[in-house]
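This is run19.txt. It holds compact mmCIF, C-alpha atoms (C1' of nucleotides).
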# COMPACT_ATOMS: atom_id res chain seq x y z
CA MET A 1 54.09 132.77 -83.62
CA GLU A 2 57.05 132.00 -81.44
CA MET A 3 59.33 133.69 -83.90
CA ASN A 4 60.33 136.28 -81.36
CA ASN A 5 61.78 133.56 -79.19
CA ILE A 6 64.41 132.66 -81.72
CA PRO A 7 67.64 133.61 -80.03
CA GLU A 8 69.82 136.14 -81.75
CA MET A 9 72.65 133.69 -82.21
CA PHE A 10 70.60 131.38 -84.40
CA GLN A 11 69.44 134.06 -86.76
CA SER A 12 72.41 133.78 -89.06
CA LYS A 13 73.03 130.94 -91.42
CA LEU A 14 76.76 131.09 -90.91
CA ARG A 15 76.57 131.05 -87.11
CA LEU A 16 74.21 128.13 -87.35
CA MET A 17 76.63 126.26 -89.56
CA ILE A 18 79.46 126.94 -87.16
CA ILE A 19 77.53 125.70 -84.17
CA SER A 20 76.35 122.64 -86.03
CA ALA A 21 79.89 121.78 -87.01
CA LEU A 22 81.14 122.21 -83.47
CA ILE A 23 78.54 119.84 -82.03
CA ARG A 24 80.77 116.93 -82.91
CA GLN A 25 84.20 118.26 -81.94
CA PRO A 26 86.35 121.38 -81.68
CA LEU A 27 87.55 122.73 -84.98
CA SER A 28 90.15 125.14 -86.22
CA PHE A 29 89.40 128.34 -88.06
CA SER A 30 90.62 126.75 -91.27
CA ALA A 31 88.45 123.69 -90.82
CA LEU A 32 85.42 125.87 -90.22
CA ARG A 33 86.22 127.92 -93.26
CA GLN A 34 86.36 124.80 -95.36
CA LEU A 35 83.19 123.34 -93.91
CA THR A 36 81.20 126.53 -94.24
CA GLY A 37 82.74 128.00 -97.35
CA ALA A 38 82.58 131.40 -95.68
CA THR A 39 85.02 134.21 -96.35
CA ASP A 40 87.74 134.83 -93.79
CA GLY A 41 86.31 138.14 -92.68
CA ASN A 42 82.81 136.95 -92.20
CA LEU A 43 83.91 133.81 -90.42
CA SER A 44 86.09 135.83 -88.11
CA VAL A 45 83.26 138.20 -87.22
CA GLN A 46 80.73 135.48 -86.57
CA ILE A 47 83.15 133.49 -84.48
CA SER A 48 83.70 136.59 -82.37
CA LYS A 49 79.97 137.00 -81.86
CA LEU A 50 79.49 133.42 -80.81
CA SER A 51 82.39 133.80 -78.46
CA GLU A 52 81.06 137.01 -76.95
CA ALA A 53 77.71 135.32 -76.45
CA GLY A 54 79.47 132.58 -74.52
CA TYR A 55 78.41 129.93 -77.02
CA ILE A 56 81.93 128.95 -77.95
CA THR A 57 85.44 129.35 -76.61
CA VAL A 58 88.26 130.46 -78.83
CA ARG A 59 91.79 129.40 -78.09
CA LYS A 60 94.72 131.01 -79.80
CA GLU A 61 98.21 129.61 -79.97
CA PHE A 62 101.16 129.33 -82.28
CA ALA A 63 101.54 126.15 -84.27
CA GLY A 64 105.19 126.51 -85.03
CA LYS A 65 105.39 130.13 -85.98
CA LYS A 66 101.91 130.43 -87.40
CA PRO A 67 98.76 131.34 -85.52
CA LEU A 68 96.24 128.60 -84.85
CA THR A 69 92.71 129.36 -83.71
CA THR A 70 90.57 126.61 -82.27
CA CYS A 71 86.86 126.89 -81.54
CA GLU A 72 84.91 124.74 -79.14
CA LEU A 73 81.27 124.71 -78.16
CA THR A 74 80.57 125.58 -74.52
CA PRO A 75 77.89 123.85 -72.43
CA LEU A 76 75.83 127.01 -72.80
CA GLY A 77 76.18 126.84 -76.55
CA ARG A 78 75.20 123.22 -76.62
CA ASP A 79 72.20 123.74 -74.35
CA SER A 80 71.03 126.76 -76.26
CA PHE A 81 71.20 124.85 -79.47
CA ARG A 82 69.27 121.97 -77.96
CA GLN A 83 66.61 124.36 -76.71
CA TYR A 84 66.44 126.01 -80.06
CA VAL A 85 65.83 122.69 -81.76
CA GLU A 86 63.15 121.92 -79.21
CA LEU A 87 61.53 125.22 -79.94
CA LEU A 88 61.49 124.44 -83.64
CA ASN A 89 60.05 121.03 -82.88
CA SER A 90 57.26 122.50 -80.82
CA ILE A 91 56.48 124.98 -83.57
CA LEU A 92 56.34 122.14 -86.03
CA GLN A 93 53.99 120.27 -83.74
CA GLY A 94 51.53 123.13 -84.28
CA GLU A 95 52.53 125.24 -81.30
CA MET B 1 143.17 139.96 -96.32
CA GLU B 2 141.03 139.17 -93.35
CA MET B 3 138.01 138.86 -95.55
CA ASN B 4 137.57 135.27 -94.61
CA ASN B 5 137.04 136.29 -91.05
CA ILE B 6 133.87 138.15 -91.82
CA PRO B 7 131.21 136.18 -89.99
CA GLU B 8 128.42 134.75 -92.07
CA MET B 9 125.80 136.82 -90.29
CA PHE B 10 127.28 140.11 -91.44
CA GLN B 11 127.45 139.18 -95.08
CA SER B 12 123.95 140.34 -95.87
CA LYS B 13 122.85 143.93 -96.06
CA LEU B 14 119.46 143.16 -94.60
CA ARG B 15 120.79 141.23 -91.63
CA LEU B 16 123.21 144.07 -91.00
CA MET B 17 120.38 146.57 -91.05
CA ILE B 18 118.37 144.47 -88.64
CA ILE B 19 121.23 144.14 -86.20
CA SER B 20 122.03 147.82 -86.43
CA ALA B 21 118.44 148.73 -85.69
CA LEU B 22 118.30 146.39 -82.71
CA ILE B 23 121.41 147.89 -81.12
CA ARG B 24 119.27 150.62 -79.62
CA GLN B 25 116.23 148.67 -78.51
CA PRO B 26 114.00 145.67 -79.26
CA LEU B 27 111.73 146.13 -82.25
CA SER B 28 108.68 144.48 -83.71
CA PHE B 29 108.57 142.79 -87.08
CA SER B 30 106.56 145.72 -88.42
CA ALA B 31 109.01 148.28 -87.12
CA LEU B 32 111.87 146.40 -88.71
CA ARG B 33 110.01 146.17 -91.96
CA GLN B 34 109.50 149.90 -91.95
CA LEU B 35 113.09 150.67 -91.01
CA THR B 36 114.60 148.32 -93.54
CA GLY B 37 112.07 148.55 -96.32
CA ALA B 38 112.42 144.81 -96.79
CA THR B 39 109.67 142.55 -98.06
CA ASP B 40 107.82 140.42 -95.52
CA GLY B 41 109.23 137.17 -96.81
CA ASN B 42 112.81 138.27 -96.85
CA LEU B 43 112.58 139.90 -93.47
CA SER B 44 111.05 136.78 -92.02
CA VAL B 45 113.80 134.58 -93.41
CA GLN B 46 116.64 136.79 -92.24
CA ILE B 47 115.15 137.15 -88.80
CA SER B 48 115.02 133.37 -88.58
CA LYS B 49 118.67 133.12 -89.53
CA LEU B 50 119.75 135.66 -86.98
CA SER B 51 117.68 133.83 -84.41
CA GLU B 52 119.17 130.44 -85.30
CA ALA B 53 122.62 131.94 -85.04
CA GLY B 54 121.77 133.09 -81.53
CA TYR B 55 122.24 136.74 -82.45
CA ILE B 56 118.69 137.74 -81.61
CA THR B 57 115.74 136.36 -79.69
CA VAL B 58 112.31 136.31 -81.20
CA ARG B 59 109.26 136.48 -78.97
CA LYS B 60 105.82 135.73 -80.30
CA GLU B 61 102.58 136.68 -78.65
CA PHE B 62 99.11 137.85 -79.43
CA ALA B 63 98.43 141.56 -79.21
CA GLY B 64 94.70 141.31 -78.89
CA LYS B 65 93.89 138.73 -81.52
CA LYS B 66 96.75 139.52 -83.84
CA PRO B 67 100.22 138.06 -83.77
CA LEU B 68 103.04 140.28 -82.58
CA THR B 69 106.65 139.36 -83.15
CA THR B 70 109.35 141.15 -81.21
CA CYS B 71 113.08 140.88 -81.89
CA GLU B 72 115.84 141.63 -79.45
CA LEU B 73 119.60 141.49 -79.75
CA THR B 74 121.33 138.93 -77.52
CA PRO B 75 124.63 139.56 -75.76
CA LEU B 76 126.21 137.27 -78.34
CA GLY B 77 124.74 139.32 -81.13
CA ARG B 78 125.94 142.53 -79.59
CA ASP B 79 129.43 141.21 -78.96
CA SER B 80 129.72 139.75 -82.41
CA PHE B 81 128.72 143.02 -83.93
CA ARG B 82 131.24 144.86 -81.80
CA GLN B 83 133.96 142.44 -82.85
CA TYR B 84 132.95 142.81 -86.44
CA VAL B 85 133.31 146.55 -86.24
CA GLU B 86 136.67 146.14 -84.60
CA LEU B 87 137.72 143.85 -87.40
CA LEU B 88 136.71 146.44 -89.96
CA ASN B 89 138.55 149.09 -88.01
CA SER B 90 141.72 147.03 -87.96
CA ILE B 91 141.42 146.40 -91.67
CA LEU B 92 141.02 150.10 -92.21
CA GLN B 93 144.11 150.74 -90.10
CA GLY B 94 146.02 148.79 -92.73
CA GLU B 95 145.80 145.41 -90.99
C1' DC C 1 56.37 154.52 -99.77
C1' DA C 2 60.83 157.18 -98.54
C1' DG C 3 64.33 157.25 -95.05
C1' DG C 4 66.75 155.18 -91.24
C1' DA C 5 68.40 151.81 -88.27
C1' DT C 6 70.40 147.02 -88.09
C1' DA C 7 72.78 143.26 -89.20
C1' DC C 8 75.15 140.32 -92.34
C1' DT C 9 78.50 139.87 -96.16
C1' DT C 10 82.26 140.99 -99.07
C1' DT C 11 86.51 143.28 -100.06
C1' DA C 12 90.70 145.28 -98.91
C1' DT C 13 94.40 145.54 -96.01
C1' DA C 14 97.34 144.24 -91.96
C1' DA C 15 100.59 140.93 -89.32
C1' DT C 16 103.81 137.11 -90.21
C1' DA C 17 105.42 132.43 -92.32
C1' DT C 18 106.68 129.23 -95.93
C1' DA C 19 107.57 127.61 -100.47
C1' DA C 20 108.71 128.38 -105.06
C1' DA C 21 110.85 130.98 -108.48
C1' DG C 22 114.17 134.46 -109.84
C1' DT C 23 118.79 136.67 -109.50
C1' DA C 24 123.50 137.05 -108.34
C1' DC C 25 127.82 135.64 -107.12
C1' DT C 26 131.31 132.24 -106.55
C1' DT C 27 133.52 127.81 -107.61
C1' DT C 28 134.79 124.02 -110.33
C1' DA C 29 135.87 121.78 -114.43
C1' DC C 30 137.40 121.71 -119.00
C1' DG D 1 138.64 132.00 -119.57
C1' DT D 2 134.10 130.34 -119.89
C1' DA D 3 130.19 127.04 -119.17
C1' DA D 4 128.05 124.53 -115.61
C1' DA D 5 127.12 124.02 -110.64
C1' DG D 6 126.39 125.37 -106.17
C1' DT D 7 125.07 128.90 -102.67
C1' DA D 8 122.77 132.41 -100.83
C1' DC D 9 119.73 136.29 -101.04
C1' DT D 10 115.42 138.36 -102.83
C1' DT D 11 110.84 138.55 -104.59
C1' DT D 12 106.32 136.74 -105.31
C1' DA D 13 102.53 134.04 -104.19
C1' DT D 14 99.91 131.95 -100.89
C1' DA D 15 98.50 130.63 -96.01
C1' DT D 16 96.71 132.05 -91.07
C1' DT D 17 93.50 135.20 -88.94
C1' DA D 18 91.75 140.16 -87.74
C1' DT D 19 89.77 144.66 -88.55
C1' DA D 20 87.75 148.36 -91.07
C1' DA D 21 85.18 150.01 -94.80
C1' DA D 22 81.84 149.43 -98.20
C1' DG D 23 77.92 146.93 -100.05
C1' DT D 24 73.42 144.63 -99.50
C1' DA D 25 69.26 143.16 -97.32
C1' DT D 26 65.67 143.69 -94.13
C1' DC D 27 62.77 145.80 -91.09
C1' DC D 28 60.64 149.69 -88.82
C1' DT D 29 58.63 154.44 -88.88
C1' DG D 30 56.72 158.38 -90.03

Conversion result in structure tokens:
Amino acid sequence: MEMNNIPEMFQSKLRLMIISALIRQPLSFSALRQLTGATDGNLSVQISKLSEAGYITVRKEFAGKKPLTTCELTPLGRDSFRQYVELLNSILQGE
Amino acid sequence: MEMNNIPEMFQSKLRLMIISALIRQPLSFSALRQLTGATDGNLSVQISKLSEAGYITVRKEFAGKKPLTTCELTPLGRDSFRQYVELLNSILQGE
DNA sequence: CAGGATACTTTATAATATAAAGTACTTTAC
DNA sequence: GTAAAGTACTTTATATTATAAAGTATCCTG
């Protein structure tokens, strides 16, 4: 099968949920936590991985005196996701 | 007595400890917490008050991905403290 | 199949802020 | 002088994220 072609970044349910959520618009850490139901720690780790892979950008600032983290999909992230979906489609089509 | 002259900002043990600690050099929130033994909430509140009074400046930044808060005495803060000590001295001297 | 290597997840703890509740002290009113 | 009010300080709980440690699952390898 083409299983070996599945990019690292899509081999985690949580990362997949994050990317899916970011397709529509940038979201804060809190929003992602709510949408995914993930724990803080796990969410933090997976966001870092997506960021290191260049799939998302992470902006940090202070909203008042509290930290605010915003995640946004990069073109690379978007393209990779598109390609991944195409790959799944082709697999579905029987190769 | 001159009791009524005691400035608001010096009427709290914690604020006094903070100012005393900052006389030597700027310190982080964590350092102040350690030095004073105060709880996070209380320390945060009293730092805000000192800042609003113009006695200290509070700088916020990210050290890596974590927030770092640094407090520094302003000239006003330093002068006020000096004057306060003088006031106490004069009271001690019998007015 | 036992033993590792990997990677993901949870849990605990850290850095600060805010709000709510508790405590103390000081006025005011009777 | 004391009960009721008002003020201010303190603690406690919870919110934002990050990191490290421990747990769990999976996969490879001999």

Subject >> For DG3 of chain C: contacts at 12 Å, only C-alpha atoms (C1' of nucleotides), fewer than 6 positions along chain excluded, given as a list in words >> reply: DC28, DT29 and DG30 of chain D

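Going from atom CA of Leu68 of chain A to atom CA of Ser28 of chain A covers 7.1 Å.
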
Subject >> Interface residues on chain C facing chain B, 10 Å, only C-alpha atoms (C1' of nucleotides), written as a PyMOL selection string >> reply: chain C and resi 14-18

Output for the residues just chosen: C-alpha atoms (C1' of nucleotides) as a compact mmCIF listing (two decimals), in the frame of the given file:
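Saved the output as out_23.txt:
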# COMPACT_ATOMS: atom_id res chain seq x y z
C1' DA C 14 97.34 144.24 -91.96
C1' DA C 15 100.59 140.93 -89.32
C1' DT C 16 103.81 137.11 -90.21
C1' DA C 17 105.42 132.43 -92.32
C1' DT C 18 106.68 129.23 -95.93

**OP:** Using all atoms listed in the file, determine which residues of chain B fall within 8 Å of chain D; present them as a ChimeraX atom specification.
**Re:** /B:12,39,42,65-66

Subject >> Straight-line distance linking atom CA of Thr70 of chain A with atom CA of Thr57 of chain A, stated in Å to one decimal >> reply: 8.1 Å

**OP:** Rounded to one decimal place, report the atom CA of Arg33 of chain A-atom CA of Leu88 of chain A distance in Å.
**Re:**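 Straight-line distance from atom CA of Arg33 of chain A to atom CA of Leu88 of chain A works out to 26.8 Å.
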
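The residue that comes closest to chain A, out of B:Ser48, B:Asn89, B:Gln11, B:Gln34 and on the basis of all atoms listed in the file, is B:Ser48.
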
**OP:** Could you tell me which of B:Ala63, B:Ala21, B:Leu92, B:Leu73 comes closest to chain A if we count all atoms listed in the file?
**Re:**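 Distance minimum relative to chain A lands on B:Ala63.
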
**OP:** Find, counting all atoms listed in the file, the residue in A:Gly64, A:Gly37, A:Pro7, A:Pro26 that gets nearest to chain B.
**Re:**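 The answer is A:Gly64, which sits nearest to chain B.
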
Original post:
Which one of A:Lys49, A:Arg15, A:Lys60, A:Arg24 sits closest to chain B if you count only C-alpha atoms?
Top reply: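 Looking only at the distances to chain B, the closest residue turns out to be A:Lys60.
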